Amino acid sequence: MGLEPFSPDSTIFRDESVLRDGYQPARLIERDTELEQYQSALKPVINGAPPKNLFLYGQTGVGKTLSSRMVVERLIEDQQNIDGVDVQVIELNCKSLNSSYQVAANLINQFRPPTEQIKPTGYPSGMIYNMLFDELEALDATHCLIVLDEIDAIGNDDDILYKLPRANDNENVEDTLVGVIGISNDFTFRDNLSARVKDSLADEEIHFPPYDANELGNILKQRAGEAFHDTSAQRLDDGSYELQSDILEGDVISLCAAFAAQDSGSARQALKRLYKAGDLARDEESDVITEAHVRQADEIVERDKVRDELTRLPTQSKLTLYSLLLLEREDETPSKRNRIYERYVMAAKRIDADVRTDRTIHDRLSQLTLKGFLDVDEQNKGPKGGSYYEYEFSIRADLAQEVLQEDERLAELFATDETSTTLDSF
DNA sequence: CTTCCACAGGAAAAGCCGGGGT
DNA sequence: ACCCCGGCTTTTCCTGTGGAAG
């Protein structure tokens, strides 16, 4: 087959990395209140006082990590001109760390040179904290701020969130003033923290609300100005942006913003759509990004997201979906729980999975509905039928089938299914 | 210091049943 | 009177921990 030669873009993207995750814009917009709050919460540090412990929370893609990084950078820069204050900051993403122990071990390794790294397991839990305290004590600094991103990953084991904020009070560390900044996507995480942690960790809480369509629009304009050819963004006095572009058709930005606002209020989601729309235009060798590209991009992004969530579902939920898929094929949807359960039992037996009771499957169905995969319709026919729910797919059935087929355990259901359609012998 | 086991605590599942709307 | 929803309680299962034993 003939390959097209690679050649750099001349029409759409000037610098597409601007639209990627992790790009740090020169200016973080639409988060003024939060930045201000954050900065003022760190003021004690500059005055040489013990730092406050902070807790930042809000959904993904609302600027928590970026805000934190910017404020911290600014702090480090400014403190250089101030005598008697020397701040060190260490940042740790706790995403794949699910215990206090692992967080502590990783922190220690961040302090140590590569030759003196410790193993991530094996030490008594008391010792690991002492090692961490020793490292903090030995720091050549007056303050140490520890930023723990995605801290909700550590789950219920919140020991370290008690020990670190209290390190000074308990005289574990005396020469360095320690402050903890926790960042979390999970609203319930804070509530589930033990009382002693809640007390010590959250001197101040900063809430990051989702962006509205207008705010997302400005963020997109700001980035678009850098990302695309023949496009420039101008910041106005009121903080909003004005865009001039030969690449982006009129409603492209506001449409991306609207889709993302409706979906989650996440800047990441909005940027993804814009990026994807640009991709589509490039693939078509179009000179402009049109509204149609955005609609198509939205569908793709949305589809990928659903796909992702579906893949992660436990086997029992997938079996439940499979049952509904069978009914859909037989034109029996919407369908009530009993009918779904019949199919479920057969399917579960066939792949040798545990067969749950109908009560449990009922719960699964509610969950799936809550997640937006299914739609439910309440029926009530009185004495000659009673009341019950009818379920049907809210997502496209072929997408569900696609994902289910990829599941190892469910694969054989489809394998036999292709050759003989004996399943509807009931 | 490792390995093994027992135990606890929590989460998922099962079981129970009153209620709601027609 | 029909039917099953959904809250509540009980049971079972699972995982992680700490302590004892090798």
# chains A, B, ... in the order shown; residues from 1 in each chain; ligands from 1
$ residues_around --residues "segment 2-19 of chain B" --least-positions-apart "5" --cutoff "12 Å" --atoms "only C-alpha atoms (C1' of nucleotides)" --output "number ranges by chain"
A: 122, 156, 316, 354-364; C: 3-22
$ residues_around --residues "segment 392-401 of chain A" --least-positions-apart "6" --cutoff "9 Å" --atoms "only C-alpha atoms (C1' of nucleotides)" --output "MDAnalysis selection string"
chainID A and resid 303 306:307 310 321:322 324:325 328 333:335 369 372:377
$ write_last_selection --atoms "N, CA, C and O atoms" --output "compact mmCIF listing (two decimals), in the first residue's frame"
# COMPACT_ATOMS: atom_id res chain seq x y z
N ARG A 303 -18.18 9.43 22.67
CA ARG A 303 -18.17 8.00 22.42
C ARG A 303 -16.98 7.32 23.11
O ARG A 303 -17.12 6.27 23.74
N VAL A 306 -17.72 7.11 26.87
CA VAL A 306 -18.67 6.05 27.20
C VAL A 306 -18.00 4.70 27.09
O VAL A 306 -18.13 3.82 27.95
N ARG A 307 -17.25 4.55 26.02
CA ARG A 307 -16.53 3.32 25.76
C ARG A 307 -15.62 2.97 26.94
O ARG A 307 -15.58 1.85 27.42
N LEU A 310 -17.65 1.97 29.96
CA LEU A 310 -18.23 0.65 29.75
C LEU A 310 -17.19 -0.44 29.97
O LEU A 310 -17.46 -1.45 30.61
N LEU A 321 -25.96 -5.87 30.82
CA LEU A 321 -26.08 -5.16 29.55
C LEU A 321 -26.26 -6.13 28.39
O LEU A 321 -27.03 -5.89 27.46
N TYR A 322 -25.54 -7.23 28.47
CA TYR A 322 -25.64 -8.23 27.42
C TYR A 322 -27.08 -8.75 27.31
O TYR A 322 -27.60 -8.93 26.21
N LEU A 324 -29.75 -7.22 28.02
CA LEU A 324 -30.57 -6.20 27.40
C LEU A 324 -30.29 -6.13 25.90
O LEU A 324 -31.19 -5.90 25.09
N LEU A 325 -29.06 -6.42 25.56
CA LEU A 325 -28.66 -6.44 24.15
C LEU A 325 -29.43 -7.52 23.39
O LEU A 325 -29.91 -7.31 22.28
N GLU A 328 -32.90 -6.39 22.93
CA GLU A 328 -32.92 -5.35 21.91
C GLU A 328 -32.93 -5.98 20.52
O GLU A 328 -33.66 -5.58 19.63
N THR A 333 -37.26 -4.56 23.58
CA THR A 333 -37.03 -3.42 24.46
C THR A 333 -38.06 -2.33 24.17
O THR A 333 -38.52 -2.23 23.03
N PRO A 334 -38.39 -1.49 25.11
CA PRO A 334 -37.96 -1.56 26.51
C PRO A 334 -38.50 -2.80 27.21
O PRO A 334 -39.53 -3.32 26.82
N SER A 335 -37.76 -3.18 28.23
CA SER A 335 -38.03 -4.48 28.80
C SER A 335 -37.98 -4.42 30.31
O SER A 335 -37.21 -3.65 30.87
N THR A 369 -28.41 2.85 35.02
CA THR A 369 -29.27 3.97 34.66
C THR A 369 -28.66 5.28 35.17
O THR A 369 -28.60 6.27 34.46
N GLY A 372 -26.06 6.65 33.17
CA GLY A 372 -26.49 7.18 31.88
C GLY A 372 -26.41 6.20 30.73
O GLY A 372 -26.55 6.59 29.58
N PHE A 373 -26.19 4.93 31.02
CA PHE A 373 -26.15 3.94 29.95
C PHE A 373 -27.55 3.48 29.56
O PHE A 373 -27.79 3.04 28.45
N LEU A 374 -28.45 3.51 30.53
CA LEU A 374 -29.80 3.03 30.28
C LEU A 374 -30.83 4.13 30.56
O LEU A 374 -30.57 5.04 31.34
N ASP A 375 -31.97 3.98 29.92
CA ASP A 375 -33.10 4.83 30.25
C ASP A 375 -34.15 3.98 30.90
O ASP A 375 -34.32 2.82 30.56
N VAL A 376 -34.85 4.57 31.84
CA VAL A 376 -35.88 3.80 32.52
C VAL A 376 -37.21 4.51 32.36
O VAL A 376 -37.29 5.73 32.29
N ASP A 377 -38.26 3.70 32.26
CA ASP A 377 -39.59 4.24 32.07
C ASP A 377 -40.51 3.54 33.06
O ASP A 377 -40.58 2.31 33.09
$ closest_atom_pairs --of "chain A" --to "chain B" --cutoff "7 Å" --atoms "only C-alpha atoms (C1' of nucleotides)" --output "tab-separated table"
residue	atom	partner	partner_atom	distance
A:Thr360	CA	B:DA13	C1'	6.6
A:Asn380	CA	B:DT22	C1'	6.3
A:Lys381	CA	B:DT22	C1'	6.1
A:Gly382	CA	B:DT22	C1'	4.0
$ select_by_dssp --residues "segment 27-223 of chain A" --states "strand (DSSP E or B)" --output "ChimeraX atom specification"
/A:54-57,87-93,143-149,177-184,204-207
$ write_last_selection --atoms "N, CA and C atoms" --output "mmCIF file, in the first residue's frame"
data_model
loop_
_atom_site.group_PDB
_atom_site.id
_atom_site.type_symbol
_atom_site.label_atom_id
_atom_site.label_comp_id
_atom_site.auth_asym_id
_atom_site.auth_seq_id
_atom_site.Cartn_x
_atom_site.Cartn_y
_atom_site.Cartn_z
ATOM 1 N N LEU A 54 -3.794 23.297 53.359
ATOM 2 C CA LEU A 54 -4.875 23.630 52.438
ATOM 3 C C LEU A 54 -5.478 22.389 51.811
ATOM 4 N N PHE A 55 -6.709 22.559 51.434
ATOM 5 C CA PHE A 55 -7.379 21.471 50.744
ATOM 6 C C PHE A 55 -8.102 22.044 49.532
ATOM 7 N N LEU A 56 -7.681 21.616 48.339
ATOM 8 C CA LEU A 56 -8.331 22.096 47.122
ATOM 9 C C LEU A 56 -9.221 20.990 46.585
ATOM 10 N N TYR A 57 -10.455 21.329 46.268
ATOM 11 C CA TYR A 57 -11.285 20.295 45.674
ATOM 12 C C TYR A 57 -12.188 20.822 44.578
ATOM 13 N N VAL A 87 11.751 28.716 51.026
ATOM 14 C CA VAL A 87 10.687 27.715 50.881
ATOM 15 C C VAL A 87 11.074 26.644 49.883
ATOM 16 N N GLN A 88 10.879 25.426 50.275
ATOM 17 C CA GLN A 88 11.025 24.311 49.343
ATOM 18 C C GLN A 88 9.649 23.723 49.103
ATOM 19 N N VAL A 89 9.407 23.311 47.885
ATOM 20 C CA VAL A 89 8.119 22.709 47.584
ATOM 21 C C VAL A 89 8.356 21.355 46.939
ATOM 22 N N ILE A 90 7.665 20.351 47.408
ATOM 23 C CA ILE A 90 7.716 19.120 46.635
ATOM 24 C C ILE A 90 6.300 18.706 46.263
ATOM 25 N N GLU A 91 6.184 18.232 45.039
ATOM 26 C CA GLU A 91 4.869 17.855 44.529
ATOM 27 C C GLU A 91 4.864 16.361 44.261
ATOM 28 N N LEU A 92 3.758 15.754 44.598
ATOM 29 C CA LEU A 92 3.654 14.317 44.356
ATOM 30 C C LEU A 92 2.245 14.013 43.863
ATOM 31 N N ASN A 93 2.173 13.314 42.765
ATOM 32 C CA ASN A 93 0.872 12.850 42.309
ATOM 33 C C ASN A 93 0.629 11.463 42.888
ATOM 34 N N HIS A 143 10.876 26.527 55.313
ATOM 35 C CA HIS A 143 9.551 25.968 55.088
ATOM 36 C C HIS A 143 9.605 24.844 54.058
ATOM 37 N N CYS A 144 8.740 23.882 54.243
ATOM 38 C CA CYS A 144 8.566 22.899 53.186
ATOM 39 C C CYS A 144 7.085 22.700 52.925
ATOM 40 N N LEU A 145 6.653 22.954 51.700
ATOM 41 C CA LEU A 145 5.264 22.719 51.320
ATOM 42 C C LEU A 145 5.187 21.411 50.551
ATOM 43 N N ILE A 146 4.277 20.578 50.967
ATOM 44 C CA ILE A 146 4.125 19.288 50.298
ATOM 45 C C ILE A 146 2.787 19.269 49.581
ATOM 46 N N VAL A 147 2.845 19.219 48.260
ATOM 47 C CA VAL A 147 1.620 19.225 47.463
ATOM 48 C C VAL A 147 1.270 17.795 47.080
ATOM 49 N N LEU A 148 0.147 17.329 47.540
ATOM 50 C CA LEU A 148 -0.284 15.964 47.209
ATOM 51 C C LEU A 148 -1.474 16.023 46.265
ATOM 52 N N ASP A 149 -1.197 15.772 44.993
ATOM 53 C CA ASP A 149 -2.253 15.835 43.984
ATOM 54 C C ASP A 149 -2.990 14.501 43.935
ATOM 55 N N LEU A 177 9.382 24.223 58.861
ATOM 56 C CA LEU A 177 7.945 24.339 59.044
ATOM 57 C C LEU A 177 7.238 23.652 57.882
ATOM 58 N N VAL A 178 6.377 22.718 58.210
ATOM 59 C CA VAL A 178 5.787 21.870 57.183
ATOM 60 C C VAL A 178 4.337 22.260 56.908
ATOM 61 N N GLY A 179 4.001 22.356 55.621
ATOM 62 C CA GLY A 179 2.623 22.613 55.234
ATOM 63 C C GLY A 179 2.183 21.607 54.187
ATOM 64 N N VAL A 180 0.927 21.186 54.284
ATOM 65 C CA VAL A 180 0.424 20.202 53.331
ATOM 66 C C VAL A 180 -0.679 20.823 52.494
ATOM 67 N N ILE A 181 -0.591 20.602 51.190
ATOM 68 C CA ILE A 181 -1.644 21.054 50.286
ATOM 69 C C ILE A 181 -2.218 19.820 49.605
ATOM 70 N N GLY A 182 -3.439 19.496 49.938
ATOM 71 C CA GLY A 182 -4.069 18.314 49.354
ATOM 72 C C GLY A 182 -4.990 18.712 48.213
ATOM 73 N N ILE A 183 -4.946 17.970 47.120
ATOM 74 C CA ILE A 183 -5.809 18.261 45.976
ATOM 75 C C ILE A 183 -6.645 17.026 45.678
ATOM 76 N N SER A 184 -7.946 17.219 45.546
ATOM 77 C CA SER A 184 -8.800 16.043 45.355
ATOM 78 C C SER A 184 -9.927 16.301 44.357
ATOM 79 N N GLU A 204 -7.774 25.637 55.581
ATOM 80 C CA GLU A 204 -8.511 26.408 54.598
ATOM 81 C C GLU A 204 -8.872 25.513 53.428
ATOM 82 N N GLU A 205 -10.083 25.674 52.939
ATOM 83 C CA GLU A 205 -10.510 24.875 51.797
ATOM 84 C C GLU A 205 -10.794 25.800 50.631
ATOM 85 N N ILE A 206 -10.376 25.373 49.472
ATOM 86 C CA ILE A 206 -10.663 26.170 48.281
ATOM 87 C C ILE A 206 -11.443 25.304 47.311
ATOM 88 N N HIS A 207 -12.620 25.775 46.992
ATOM 89 C CA HIS A 207 -13.485 25.009 46.104
ATOM 90 C C HIS A 207 -13.376 25.521 44.678
#
$ select_by_dssp --residues "segment 283-383 of chain A" --states "helix (DSSP H, G or I)" --output "mmCIF file with N, CA and C atoms, in the first residue's frame"
data_model
loop_
_atom_site.group_PDB
_atom_site.id
_atom_site.type_symbol
_atom_site.label_atom_id
_atom_site.label_comp_id
_atom_site.auth_asym_id
_atom_site.auth_seq_id
_atom_site.Cartn_x
_atom_site.Cartn_y
_atom_site.Cartn_z
ATOM 1 N N ASP A 283 -7.392 16.048 8.701
ATOM 2 C CA ASP A 283 -7.504 14.793 7.957
ATOM 3 C C ASP A 283 -8.222 14.988 6.626
ATOM 4 N N GLU A 291 -18.377 24.107 12.016
ATOM 5 C CA GLU A 291 -19.296 23.640 13.042
ATOM 6 C C GLU A 291 -19.503 22.129 12.934
ATOM 7 N N ALA A 292 -19.555 21.659 11.706
ATOM 8 C CA ALA A 292 -19.748 20.222 11.490
ATOM 9 C C ALA A 292 -18.597 19.413 12.088
ATOM 10 N N HIS A 293 -17.405 19.940 11.947
ATOM 11 C CA HIS A 293 -16.258 19.249 12.545
ATOM 12 C C HIS A 293 -16.425 19.137 14.050
ATOM 13 N N VAL A 294 -16.915 20.220 14.636
ATOM 14 C CA VAL A 294 -17.079 20.222 16.092
ATOM 15 C C VAL A 294 -18.137 19.208 16.519
ATOM 16 N N ARG A 295 -19.217 19.175 15.783
ATOM 17 C CA ARG A 295 -20.277 18.208 16.138
ATOM 18 C C ARG A 295 -19.751 16.780 16.046
ATOM 19 N N GLN A 296 -18.985 16.558 15.007
ATOM 20 C CA GLN A 296 -18.421 15.229 14.821
ATOM 21 C C GLN A 296 -17.423 14.923 15.946
ATOM 22 N N ALA A 297 -16.627 15.914 16.284
ATOM 23 C CA ALA A 297 -15.632 15.743 17.339
ATOM 24 C C ALA A 297 -16.305 15.448 18.667
ATOM 25 N N ASP A 298 -17.379 16.159 18.924
ATOM 26 C CA ASP A 298 -18.098 15.949 20.172
ATOM 27 C C ASP A 298 -18.583 14.510 20.262
ATOM 28 N N GLU A 299 -19.079 14.031 19.161
ATOM 29 C CA GLU A 299 -19.579 12.656 19.143
ATOM 30 C C GLU A 299 -18.457 11.668 19.436
ATOM 31 N N ILE A 300 -17.310 11.918 18.824
ATOM 32 C CA ILE A 300 -16.179 11.010 19.017
ATOM 33 C C ILE A 300 -15.692 11.044 20.460
ATOM 34 N N VAL A 301 -15.552 12.248 20.984
ATOM 35 C CA VAL A 301 -15.060 12.384 22.358
ATOM 36 C C VAL A 301 -16.029 11.711 23.330
ATOM 37 N N GLU A 302 -17.296 11.990 23.106
ATOM 38 C CA GLU A 302 -18.325 11.423 23.962
ATOM 39 C C GLU A 302 -18.310 9.891 23.882
ATOM 40 N N ARG A 303 -18.182 9.427 22.674
ATOM 41 C CA ARG A 303 -18.167 7.995 22.415
ATOM 42 C C ARG A 303 -16.983 7.321 23.110
ATOM 43 N N ASP A 304 -15.829 7.940 23.009
ATOM 44 C CA ASP A 304 -14.647 7.392 23.668
ATOM 45 C C ASP A 304 -14.831 7.322 25.165
ATOM 46 N N LYS A 305 -15.489 8.327 25.663
ATOM 47 C CA LYS A 305 -15.684 8.383 27.108
ATOM 48 C C LYS A 305 -16.613 7.260 27.565
ATOM 49 N N VAL A 306 -17.721 7.114 26.865
ATOM 50 C CA VAL A 306 -18.674 6.048 27.200
ATOM 51 C C VAL A 306 -17.997 4.696 27.089
ATOM 52 N N ARG A 307 -17.251 4.554 26.017
ATOM 53 C CA ARG A 307 -16.528 3.318 25.760
ATOM 54 C C ARG A 307 -15.621 2.969 26.945
ATOM 55 N N ASP A 308 -14.890 3.967 27.389
ATOM 56 C CA ASP A 308 -14.000 3.814 28.525
ATOM 57 C C ASP A 308 -14.716 3.334 29.765
ATOM 58 N N GLU A 309 -15.812 4.010 30.048
ATOM 59 C CA GLU A 309 -16.558 3.678 31.258
ATOM 60 C C GLU A 309 -17.163 2.289 31.143
ATOM 61 N N LEU A 310 -17.649 1.972 29.961
ATOM 62 C CA LEU A 310 -18.228 0.649 29.746
ATOM 63 C C LEU A 310 -17.186 -0.438 29.966
ATOM 64 N N THR A 311 -16.009 -0.214 29.446
ATOM 65 C CA THR A 311 -14.961 -1.223 29.559
ATOM 66 C C THR A 311 -14.628 -1.514 31.014
ATOM 67 N N ARG A 312 -14.702 -0.497 31.804
ATOM 68 C CA ARG A 312 -14.326 -0.654 33.212
ATOM 69 C C ARG A 312 -15.393 -1.347 34.054
ATOM 70 N N THR A 315 -17.940 -7.519 35.538
ATOM 71 C CA THR A 315 -18.549 -8.546 34.687
ATOM 72 C C THR A 315 -20.059 -8.644 34.872
ATOM 73 N N GLN A 316 -20.488 -8.570 36.128
ATOM 74 C CA GLN A 316 -21.926 -8.715 36.372
ATOM 75 C C GLN A 316 -22.735 -7.618 35.680
ATOM 76 N N SER A 317 -22.208 -6.427 35.680
ATOM 77 C CA SER A 317 -22.915 -5.341 35.003
ATOM 78 C C SER A 317 -22.894 -5.546 33.491
ATOM 79 N N LYS A 318 -21.776 -6.062 33.006
ATOM 80 C CA LYS A 318 -21.683 -6.317 31.570
ATOM 81 C C LYS A 318 -22.669 -7.398 31.159
ATOM 82 N N LEU A 319 -22.810 -8.411 32.001
ATOM 83 C CA LEU A 319 -23.781 -9.458 31.705
ATOM 84 C C LEU A 319 -25.191 -8.881 31.657
ATOM 85 N N THR A 320 -25.440 -7.958 32.559
ATOM 86 C CA THR A 320 -26.748 -7.322 32.562
ATOM 87 C C THR A 320 -26.982 -6.571 31.251
ATOM 88 N N LEU A 321 -25.964 -5.873 30.816
ATOM 89 C CA LEU A 321 -26.078 -5.156 29.545
ATOM 90 C C LEU A 321 -26.256 -6.130 28.387
ATOM 91 N N TYR A 322 -25.542 -7.227 28.475
ATOM 92 C CA TYR A 322 -25.638 -8.231 27.417
ATOM 93 C C TYR A 322 -27.076 -8.747 27.307
ATOM 94 N N SER A 323 -27.691 -8.970 28.449
ATOM 95 C CA SER A 323 -29.073 -9.457 28.451
ATOM 96 C C SER A 323 -29.979 -8.468 27.744
ATOM 97 N N LEU A 324 -29.749 -7.224 28.023
ATOM 98 C CA LEU A 324 -30.572 -6.201 27.400
ATOM 99 C C LEU A 324 -30.286 -6.131 25.896
ATOM 100 N N LEU A 325 -29.063 -6.423 25.561
ATOM 101 C CA LEU A 325 -28.664 -6.436 24.155
ATOM 102 C C LEU A 325 -29.435 -7.517 23.394
ATOM 103 N N LEU A 326 -29.553 -8.693 24.034
ATOM 104 C CA LEU A 326 -30.320 -9.779 23.414
ATOM 105 C C LEU A 326 -31.758 -9.347 23.170
ATOM 106 N N LEU A 327 -32.332 -8.733 24.196
ATOM 107 C CA LEU A 327 -33.725 -8.309 24.088
ATOM 108 C C LEU A 327 -33.881 -7.258 23.007
ATOM 109 N N GLU A 328 -32.902 -6.393 22.925
ATOM 110 C CA GLU A 328 -32.918 -5.351 21.909
ATOM 111 C C GLU A 328 -32.933 -5.979 20.516
ATOM 112 N N ARG A 329 -32.138 -7.012 20.374
ATOM 113 C CA ARG A 329 -32.049 -7.705 19.091
ATOM 114 C C ARG A 329 -33.375 -8.365 18.712
ATOM 115 N N ARG A 337 -37.643 -5.856 34.324
ATOM 116 C CA ARG A 337 -36.578 -6.514 35.045
ATOM 117 C C ARG A 337 -36.630 -8.040 34.947
ATOM 118 N N ASN A 338 -37.817 -8.621 35.087
ATOM 119 C CA ASN A 338 -37.940 -10.075 35.022
ATOM 120 C C ASN A 338 -37.402 -10.641 33.723
ATOM 121 N N ARG A 339 -37.785 -9.999 32.644
ATOM 122 C CA ARG A 339 -37.356 -10.466 31.327
ATOM 123 C C ARG A 339 -35.847 -10.351 31.203
ATOM 124 N N ILE A 340 -35.313 -9.263 31.678
ATOM 125 C CA ILE A 340 -33.866 -9.079 31.617
ATOM 126 C C ILE A 340 -33.178 -10.135 32.460
ATOM 127 N N TYR A 341 -33.772 -10.397 33.607
ATOM 128 C CA TYR A 341 -33.140 -11.344 34.533
ATOM 129 C C TYR A 341 -33.082 -12.754 33.949
ATOM 130 N N GLU A 342 -34.134 -13.146 33.243
ATOM 131 C CA GLU A 342 -34.120 -14.464 32.592
ATOM 132 C C GLU A 342 -32.899 -14.616 31.692
ATOM 133 N N ARG A 343 -32.694 -13.603 30.854
ATOM 134 C CA ARG A 343 -31.573 -13.659 29.913
ATOM 135 C C ARG A 343 -30.250 -13.650 30.671
ATOM 136 N N TYR A 344 -30.255 -12.846 31.713
ATOM 137 C CA TYR A 344 -29.035 -12.727 32.496
ATOM 138 C C TYR A 344 -28.611 -14.080 33.050
ATOM 139 N N VAL A 345 -29.554 -14.811 33.620
ATOM 140 C CA VAL A 345 -29.233 -16.109 34.229
ATOM 141 C C VAL A 345 -28.623 -17.041 33.185
ATOM 142 N N MET A 346 -29.226 -17.082 32.023
ATOM 143 C CA MET A 346 -28.696 -17.940 30.956
ATOM 144 C C MET A 346 -27.279 -17.554 30.582
ATOM 145 N N ALA A 347 -27.101 -16.271 30.396
ATOM 146 C CA ALA A 347 -25.786 -15.790 29.966
ATOM 147 C C ALA A 347 -24.730 -16.073 31.023
ATOM 148 N N ALA A 348 -25.078 -15.822 32.273
ATOM 149 C CA ALA A 348 -24.122 -16.043 33.358
ATOM 150 C C ALA A 348 -23.736 -17.511 33.436
ATOM 151 N N LYS A 349 -24.710 -18.376 33.288
ATOM 152 C CA LYS A 349 -24.424 -19.814 33.336
ATOM 153 C C LYS A 349 -23.502 -20.219 32.191
ATOM 154 N N ARG A 350 -23.756 -19.642 31.057
ATOM 155 C CA ARG A 350 -22.968 -20.039 29.894
ATOM 156 C C ARG A 350 -21.504 -19.693 30.013
ATOM 157 N N ASP A 358 -32.096 -11.729 41.609
ATOM 158 C CA ASP A 358 -32.709 -10.647 40.849
ATOM 159 C C ASP A 358 -32.640 -9.328 41.607
ATOM 160 N N ARG A 359 -32.605 -9.424 42.921
ATOM 161 C CA ARG A 359 -32.476 -8.190 43.697
ATOM 162 C C ARG A 359 -31.194 -7.452 43.335
ATOM 163 N N THR A 360 -30.124 -8.209 43.204
ATOM 164 C CA THR A 360 -28.837 -7.616 42.889
ATOM 165 C C THR A 360 -28.820 -7.052 41.475
ATOM 166 N N ILE A 361 -29.367 -7.817 40.551
ATOM 167 C CA ILE A 361 -29.416 -7.335 39.172
ATOM 168 C C ILE A 361 -30.260 -6.068 39.092
ATOM 169 N N HIS A 362 -31.261 -6.040 39.913
ATOM 170 C CA HIS A 362 -32.081 -4.842 39.995
ATOM 171 C C HIS A 362 -31.226 -3.627 40.374
ATOM 172 N N ASP A 363 -30.336 -3.850 41.346
ATOM 173 C CA ASP A 363 -29.429 -2.768 41.744
ATOM 174 C C ASP A 363 -28.480 -2.383 40.610
ATOM 175 N N ARG A 364 -28.012 -3.393 39.909
ATOM 176 C CA ARG A 364 -27.120 -3.126 38.772
ATOM 177 C C ARG A 364 -27.827 -2.249 37.741
ATOM 178 N N LEU A 365 -29.062 -2.593 37.475
ATOM 179 C CA LEU A 365 -29.813 -1.827 36.493
ATOM 180 C C LEU A 365 -29.946 -0.362 36.935
ATOM 181 N N SER A 366 -30.207 -0.174 38.215
ATOM 182 C CA SER A 366 -30.306 1.205 38.707
ATOM 183 C C SER A 366 -28.989 1.941 38.525
ATOM 184 N N GLN A 367 -27.914 1.240 38.845
ATOM 185 C CA GLN A 367 -26.591 1.851 38.690
ATOM 186 C C GLN A 367 -26.329 2.246 37.248
ATOM 187 N N LEU A 368 -26.624 1.314 36.353
ATOM 188 C CA LEU A 368 -26.381 1.566 34.935
ATOM 189 C C LEU A 368 -27.219 2.749 34.451
ATOM 190 N N THR A 369 -28.407 2.849 35.020
ATOM 191 C CA THR A 369 -29.266 3.970 34.662
ATOM 192 C C THR A 369 -28.662 5.276 35.166
ATOM 193 N N LEU A 370 -28.185 5.209 36.394
ATOM 194 C CA LEU A 370 -27.575 6.387 37.006
ATOM 195 C C LEU A 370 -26.373 6.870 36.206
ATOM 196 N N GLY A 382 -51.984 -0.754 37.202
ATOM 197 C CA GLY A 382 -52.998 -1.046 38.204
ATOM 198 C C GLY A 382 -53.243 -2.531 38.397
ATOM 199 N N PRO A 383 -54.458 -2.902 38.762
ATOM 200 C CA PRO A 383 -54.781 -4.295 39.093
ATOM 201 C C PRO A 383 -54.433 -5.287 37.982
#
$ atom_distance --atom1 "atom CA of Ser254 of chain A" --atom2 "atom CA of Arg273 of chain A"
11.4 Å
$ closest_residue --among "A:Ser99, A:Met131, A:Gly250, A:Gln110" --to "chain C" --atoms "only C-alpha atoms (C1' of nucleotides)"
A:Ser99
$ atom_distance --atom1 "atom CA of Asn170 of chain A" --atom2 "atom CA of Leu97 of chain A"
25.6 Å
